[in-house]
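A.B. asks: Take this structure first; my questions come after.
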Amino acid sequence: MSDLGDFTGSGGDGDPNDSAGSETAATETGSPDSETTERNEVGDFETGASGASSSDDDRFDSMDAEPVGTDRGVGTLTALDGLRICEESEEAHLQAYVTVANRDGIRLGKYLLVPYPDGEKLFCRIAALEYVPEFHTDDATEIHSRQAMRSDGIDERDYKFMATLEPVAVLYEDDGELKRRMTDRVPKPKAVVRAADDKEEIKTGLKMPSDGVFLGHLAVGGEKVKTAAKPPTIDYRLKDDYTDGDPLVFRHTLVAGGTGSGKTHGAKNILRQFLGEERRYEMEGGAERRAAVVQFDPQDEYAQMHDDNPDVGADDERRWEREGVAHGGHEDTIAFVPKVGDSSYGADHHRAQQVEFTISFSMVRGKPWLVAGSSLNDNQYGALTFLLRRFFDQRGNSGTYEQFKSFLDDPALREELDESGRVHEATFDAVKRRVLSMPRGVFDQDARPITDQIKQFVRAGGLTVVPTYHINDSRATEVVVLALATLLVDEKLSNNSTYDRIKETPLVVGMDEAHNFLTDADNVQARKVISKFTEAAKQGRKERLGLFLITQDPQDIADPVFKQVNTTVVLNLGDEDAIKSVNIPSELEGKVPYMEKGQMVVYSPDNSEPVEVVGLPKCVTKHGRE
C-alpha cells in the first residue's frame, strides 16, 4: 500500500490507535457536517450566502425553447451532401430536410416548390425518401430493438427524414404571366421548401394546358392533388386547339389496360368529350366542323353511349358542368350492324338506332388483301391481284364473291394462265384455296352495302358504332373491320376521293382490341394493312384524321403505327412486356401494376410532363348491360 499511499486517516503516521485518526474516521462515517465539509473541499455551486444545496436560489432560470412564429413549408433545402443542377437531370442532386410535423404527409411523386431569392421558383417532384440517423449510433442492436418492440413508437427526432427532389422546371413571371423554362440555376441552401398547392403554378410547372379534352384529375399515388381553389382538384386536359400546333386528337391516342382496369369506362369518357357540342375543328378552306367518331366495338359496349347513365345524379352533373366535362347520353348514336351469314344481333342493352349493312365484294377490287388472308406469299398475292383485276374488268363493280368463285373454278382459265406464263398452276391453286376458305356470308348479304350509306355512316358530331360481338368467326370480323377502317383511311388520304362526306369531316377512328387488327406479322396482308395505317397516322394532322386505339396487349401493335401515337394513356397492366412496350418514363413504369381501377399514367410529350391521373369514378354515359 505504501507505493500508492494510505487513505486510512488524515494525519499522523497512520497509527490506527491514534485518537485523532479514530475521531476522523468516526466523523466521516456518521456526521452530516462532515459530508458538507467534504463537498466544500471539492467546490460548491452555491449562489446564496448560506450555501444550502436545497435552496431554490441554486437552480437555473427556466427558458422557453419554443421558436417564435409559425413554420412555413415542409422543410428546408440542405447542402449537407451538396446541391447540384445538371444538364442531365439524373445527375442533379437536391435534398430537403423534412421537419417532424410534416413527415406523415410526404409521398413519392408529390410536387414541391423551392424559392430563389429574386422571386423565381424551382418546381420539382419528390423522387426518393429516406431516414438518416441524426447521431452516430448503432440502432441495430438487441437493446435498441427490444426497446422499440416494447414502446409505442419511435422518436422521430432521432432521425433525419430526407427527400430527394427531381427538378422539373423554373417558374417565373413575364409581364404578369406565369411561365416555365428548363432548370438552369441552383437554389440556395436552407431555402424553405413548400408543397405546391396553387393550381396555376402546378399546371404551369407540368406544362398542362388550361383548356382541351378532359381526361381526369391530376393525382399522386392514386390520390387527387388538392389546391386551395374551387374546385380543389386539378383537371388534366389534352390540347385541342391550333395555338401551339394541331389538336392532339389528330396526333393519335392509345389507351392500354388490362381486364378490370377501367379501360372501356375511360375510353367512353374520352370519346364523349370529342363529341361535345362546342368542339369544332378547322378544315381546308376555313370551315369549322364537329368531329365524327366511328368506333369498332368487338364487345358491344359503345352503343350504350346513346343512353344516360342511371347512376349519375344531379350533384355529379353540376360538378361536371363546372369543370366543362361533356356528359349524358349522346343522342346522335347509330349502331351500324354488319350482316354476316346467319348471325343475328340482339341489342336490348341500349336504345341507339340500328342499321344493317353488308360488305360488297366490289370493295375487294382496291383491297385484294381482304381475301388474301395470312397464308399467301408475295408471288401468290401478285397472282390474286391479277385475277381480281381480270374478273372486275369482265364483270364491273357488280361482280359478287360467288361469281368470283365460279370464275376461279374454270379449268380453261387455269390452263390458259399457266401456258402463257402469267400464273403458274400451283400458284393458281393456292390462290383458289385461299379464296374458297373465306368464311361464309361475309360479302354481298341481304342488306344495303356500306358504300351506299356513307352519309349516314359518317356524320359531323355523330357517333357510329360497329359492333362485331355477334360474328362468330374471327376472320370474318377481321375482314369487316379492316374493310371499313381502310375505306375511311383511303378516302381521307385520297386526292380524288369518292366520298366527299368522309374527306370533308374531321374524323376519329376508334378501334377496340386494336392488337387483333394492327399486329406486326410477316405476311402480305399484315404488311399492306400496317403500311396503310402508318401512312394514315403520318398524314392525320393534315387530313383531320385521328386514330384512337384501345388494347390490353400494346406490345402486339405494329411498331410503325405505335411510333406515330403522341398520347399514351396507360391503366393497370400486369404483363411486363406490355408495360415495357408503352415506353413511359421509368419512375411511372413501376406504378402501373399497382394502379387501381381508373388510375392511369398519361404520357403525352407535346401536351405535358408525364403525369398520373385519376379518371372520373362514374361513366358520363351508360356503361354496363344492366
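Each chain of the C-alpha cells is named A, B, ... in the order shown, its residues numbered from 1; ligands are numbered from 1 in display order.
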Identify, on the basis of only C-alpha atoms, every residue whose closest approach to segment 621-624 of chain A does not exceed 8 Å; exclude the query and any residue fewer than 4 positions from it along the same chain; express the result as JSON, numbers by chain.
C.D. replies: {"A": [265, 268, 269, 301, 304, 305, 306, 307, 308, 309, 310, 327, 328, 329, 330]}
A.B. asks: Going by DSSP on the backbone, which residues of segment 263-361 of chain A come out as helix (DSSP H, G or I)? List them as an MDAnalysis selection string.
C.D. replies: chainID A and resid 263:274 303:306 314:322 361
A.B. asks: Could you tell me how far atom CA of Ala426 of chain A lies from atom CA of Asn397 of chain A, in Å and to one decimal?
C.D. replies: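 Calculated distance between atom CA of Ala426 of chain A and atom CA of Asn397 of chain A is 28.1 Å.
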A.B. asks: Work out how far apart atom CA of Ala536 of chain A and atom CA of Glu491 of chain A are and give it in Å to one decimal.
C.D. replies: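 Computing it gives 10.3 Å between the two atoms.
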A.B. asks: Given only C-alpha atoms as the basis, pick out the residue of A:Gly276, A:Gly341, A:Gly461, A:Gly313 nearest to Ala447 of chain A.
C.D. replies: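 Of A:Gly276, A:Gly341, A:Gly461, A:Gly313, the one nearest Ala447 of chain A, counting only C-alpha atoms, is A:Gly341.
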A.B. asks: My list of candidates is A:Tyr242, A:Phe457, A:Phe533, A:Tyr159. Which is closest to Arg501 of chain A when distances are computed with only C-alpha atoms?
C.D. replies: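 Smallest distance to Arg501 of chain A is found for A:Phe457.
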A.B. asks: Have a look at atom CA of Tyr97 of chain A and atom CA of Val601 of chain A and let me know their distance in Å, one decimal.
C.D. replies: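 Spanning atom CA of Tyr97 of chain A to atom CA of Val601 of chain A is a straight-line distance of 28.8 Å.
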A.B. asks: Which of these residues is nearest to Lys597 of chain A, using only C-alpha atoms: A:Glu543, A:Leu616, A:Thr243, A:Glu134?
C.D. replies: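 Among the listed residues, the smallest separation from Lys597 of chain A belongs to A:Leu616.
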A.B. asks: Leaving out Val508 of chain A and any residue of its chain fewer than 2 positions from it, which residues lie within 12 Å of it when counting only C-alpha atoms, given as a PyMOL selection string?
C.D. replies: chain A and resi 248-253+270-275+281+290-296+458-465+485+488-489+492+502+505-506+510-511+536-537+540-541+543-549
A.B. asks: Can you write out the residues you just picked, keeping C-alpha atoms, as an mmCIF file, in the first residue's frame?
C.D. replies:
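Final file, selection-v7.cif:
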```cif
data_model
loop_
_atom_site.group_PDB
_atom_site.id
_atom_site.type_symbol
_atom_site.label_atom_id
_atom_site.label_comp_id
_atom_site.auth_asym_id
_atom_site.auth_seq_id
_atom_site.Cartn_x
_atom_site.Cartn_y
_atom_site.Cartn_z
ATOM 1 C CA LEU A 248 -53.744 16.180 -80.237
ATOM 2 C CA VAL A 249 -56.795 14.151 -81.252
ATOM 3 C CA PHE A 250 -55.318 14.130 -84.782
ATOM 4 C CA ARG A 251 -51.930 13.042 -83.477
ATOM 5 C CA HIS A 252 -53.466 9.799 -82.229
ATOM 6 C CA THR A 253 -54.157 8.222 -78.868
ATOM 7 C CA ILE A 270 -62.741 10.470 -73.583
ATOM 8 C CA LEU A 271 -64.748 9.760 -76.750
ATOM 9 C CA ARG A 272 -67.704 11.592 -75.257
ATOM 10 C CA GLN A 273 -65.547 14.722 -74.956
ATOM 11 C CA PHE A 274 -64.697 14.589 -78.679
ATOM 12 C CA LEU A 275 -68.450 14.751 -79.336
ATOM 13 C CA TYR A 281 -62.151 21.624 -85.902
ATOM 14 C CA ARG A 290 -67.650 18.921 -85.357
ATOM 15 C CA ALA A 291 -65.842 15.602 -85.444
ATOM 16 C CA ALA A 292 -67.438 12.315 -86.442
ATOM 17 C CA VAL A 293 -66.466 9.267 -84.380
ATOM 18 C CA VAL A 294 -66.530 5.745 -85.851
ATOM 19 C CA GLN A 295 -65.891 3.155 -83.123
ATOM 20 C CA PHE A 296 -65.242 -0.531 -83.886
ATOM 21 C CA VAL A 458 -70.045 9.471 -91.193
ATOM 22 C CA ARG A 459 -71.858 12.403 -89.558
ATOM 23 C CA ALA A 460 -70.323 15.557 -88.113
ATOM 24 C CA GLY A 461 -70.980 15.369 -84.376
ATOM 25 C CA GLY A 462 -72.281 11.805 -84.693
ATOM 26 C CA LEU A 463 -71.120 8.565 -83.097
ATOM 27 C CA THR A 464 -71.174 5.459 -85.304
ATOM 28 C CA VAL A 465 -70.583 2.152 -83.540
ATOM 29 C CA ALA A 485 -61.395 1.159 -91.489
ATOM 30 C CA LEU A 488 -62.242 5.618 -94.173
ATOM 31 C CA VAL A 489 -58.450 5.913 -94.288
ATOM 32 C CA LYS A 492 -59.111 10.661 -96.052
ATOM 33 C CA ILE A 502 -65.531 11.478 -95.389
ATOM 34 C CA THR A 505 -65.449 15.805 -91.991
ATOM 35 C CA PRO A 506 -62.999 15.703 -89.053
ATOM 36 C CA GLY A 510 -61.676 4.202 -82.683
ATOM 37 C CA MET A 511 -60.579 0.575 -82.634
ATOM 38 C CA ALA A 536 -52.768 7.421 -92.223
ATOM 39 C CA ALA A 537 -51.136 8.171 -88.867
ATOM 40 C CA GLY A 540 -53.611 12.519 -89.774
ATOM 41 C CA ARG A 541 -52.822 16.077 -88.721
ATOM 42 C CA GLU A 543 -56.289 15.433 -93.108
ATOM 43 C CA ARG A 544 -58.025 15.810 -89.699
ATOM 44 C CA LEU A 545 -57.927 12.070 -89.075
ATOM 45 C CA GLY A 546 -57.304 10.746 -85.581
ATOM 46 C CA LEU A 547 -56.686 7.136 -84.557
ATOM 47 C CA PHE A 548 -57.994 6.129 -81.124
ATOM 48 C CA LEU A 549 -56.582 2.682 -80.354
#
```
A.B. asks: Would you mind telling me which residue in A:Lys618, A:Arg527, A:Ser497, A:Glu282 lies nearest to Lys542 of chain A when using only C-alpha atoms?
C.D. replies: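 When distances to Lys542 of chain A are compared using only C-alpha atoms, the smallest one comes from A:Glu282.
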A.B. asks: Just the residues within 6 Å of Tyr111 of chain A, please, counting only C-alpha atoms, with nothing from its chain fewer than 5 positions along; format it as a list of chain:residue names.
C.D. replies: A:Cys124, A:Arg125, A:Ala196
A.B. asks: Report as a PyMOL selection string all protein, DNA and RNA residues lying within 8 Å of Phe161 of chain A, evaluated on only C-alpha atoms, omitting residues in the same chain fewer than 6 positions from it.
C.D. replies: chain A and resi 97-100+103+129-132
A.B. asks: Env of segment 224-232 of chain A: 8 Å cut, atoms = only C-alpha atoms, seq-sep filter 4 positions within chain, self excluded. Answer as JSON, numbers by chain.
C.D. replies: {"A": [197, 198, 199, 217, 218, 219, 220, 613, 614]}
A.B. asks: List every residue of segment 79-207 of chain A that DSSP, applied to the backbone of this structure, assigns to strand (DSSP E), and report them as a PyMOL selection string.
C.D. replies: chain A and resi 95-98+111-115+121-133+159-174+177-181+192-195
A.B. asks: Export C-alpha atoms of the chosen residues as a PDB file, in the first residue's frame?
C.D. replies:
```
ATOM      1  CA  GLN A  95     -32.193  17.176 -50.942  1.00  0.00           C
ATOM      2  CA  ALA A  96     -34.592  18.680 -48.435  1.00  0.00           C
ATOM      3  CA  TYR A  97     -34.780  18.036 -44.713  1.00  0.00           C
ATOM      4  CA  VAL A  98     -38.419  17.384 -43.785  1.00  0.00           C
ATOM      5  CA  TYR A 111     -44.916  18.299 -56.146  1.00  0.00           C
ATOM      6  CA  LEU A 112     -42.882  20.928 -54.256  1.00  0.00           C
ATOM      7  CA  LEU A 113     -41.622  24.477 -54.793  1.00  0.00           C
ATOM      8  CA  VAL A 114     -38.246  25.905 -53.805  1.00  0.00           C
ATOM      9  CA  PRO A 115     -37.898  29.715 -53.969  1.00  0.00           C
ATOM     10  CA  LYS A 121     -39.304  29.215 -58.051  1.00  0.00           C
ATOM     11  CA  LEU A 122     -37.987  25.755 -58.752  1.00  0.00           C
ATOM     12  CA  PHE A 123     -40.865  23.348 -59.432  1.00  0.00           C
ATOM     13  CA  CYS A 124     -39.865  19.803 -58.527  1.00  0.00           C
ATOM     14  CA  ARG A 125     -41.179  16.410 -57.500  1.00  0.00           C
ATOM     15  CA  ILE A 126     -40.108  14.024 -54.750  1.00  0.00           C
ATOM     16  CA  ALA A 127     -38.076  11.224 -56.326  1.00  0.00           C
ATOM     17  CA  ALA A 128     -36.860   9.433 -53.169  1.00  0.00           C
ATOM     18  CA  LEU A 129     -37.410   9.407 -49.399  1.00  0.00           C
ATOM     19  CA  GLU A 130     -35.050   8.128 -46.715  1.00  0.00           C
ATOM     20  CA  TYR A 131     -34.340   8.160 -42.988  1.00  0.00           C
ATOM     21  CA  VAL A 132     -30.796   9.048 -41.936  1.00  0.00           C
ATOM     22  CA  PRO A 133     -29.504   8.713 -38.317  1.00  0.00           C
ATOM     23  CA  TYR A 159     -33.530  10.566 -37.343  1.00  0.00           C
ATOM     24  CA  LYS A 160     -33.321  12.961 -40.259  1.00  0.00           C
ATOM     25  CA  PHE A 161     -36.034  12.489 -42.871  1.00  0.00           C
ATOM     26  CA  MET A 162     -34.611  13.446 -46.264  1.00  0.00           C
ATOM     27  CA  ALA A 163     -36.469  13.983 -49.537  1.00  0.00           C
ATOM     28  CA  THR A 164     -34.554  13.769 -52.813  1.00  0.00           C
ATOM     29  CA  LEU A 165     -36.015  16.250 -55.291  1.00  0.00           C
ATOM     30  CA  GLU A 166     -36.169  15.920 -59.063  1.00  0.00           C
ATOM     31  CA  PRO A 167     -36.159  19.349 -60.745  1.00  0.00           C
ATOM     32  CA  VAL A 168     -38.886  19.815 -63.355  1.00  0.00           C
ATOM     33  CA  ALA A 169     -38.874  23.495 -64.349  1.00  0.00           C
ATOM     34  CA  VAL A 170     -38.209  27.027 -63.174  1.00  0.00           C
ATOM     35  CA  LEU A 171     -41.311  29.190 -62.789  1.00  0.00           C
ATOM     36  CA  TYR A 172     -41.073  32.911 -63.467  1.00  0.00           C
ATOM     37  CA  GLU A 173     -43.324  35.844 -64.306  1.00  0.00           C
ATOM     38  CA  ASP A 174     -43.216  37.700 -67.604  1.00  0.00           C
ATOM     39  CA  GLU A 177     -47.981  35.900 -66.839  1.00  0.00           C
ATOM     40  CA  LEU A 178     -46.589  32.817 -65.123  1.00  0.00           C
ATOM     41  CA  LYS A 179     -44.244  30.870 -67.410  1.00  0.00           C
ATOM     42  CA  ARG A 180     -41.812  27.969 -67.198  1.00  0.00           C
ATOM     43  CA  ARG A 181     -38.342  27.252 -68.518  1.00  0.00           C
ATOM     44  CA  VAL A 192     -37.792  26.854 -47.412  1.00  0.00           C
ATOM     45  CA  VAL A 193     -39.424  24.038 -49.378  1.00  0.00           C
ATOM     46  CA  ARG A 194     -43.211  24.129 -49.574  1.00  0.00           C
ATOM     47  CA  ALA A 195     -45.879  21.945 -51.131  1.00  0.00           C
TER      48      ALA A 195
END
```
A.B. asks: Within 10 Å of Asp429 of chain A, counting only C-alpha atoms, which residues show up once you throw out same-chain ones fewer than 5 positions away? Write them as an MDAnalysis selection string, please.
C.D. replies: chainID A and resid 380 408:409 414 423:424 434:435
A.B. asks: Measuring atom to atom with only C-alpha atoms, identify which of A:Leu238, A:Lys367, A:Tyr345, A:Gly615 is nearest to Leu487 of chain A.
C.D. replies: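 For Leu487 of chain A, the nearest of the candidates is A:Lys367.
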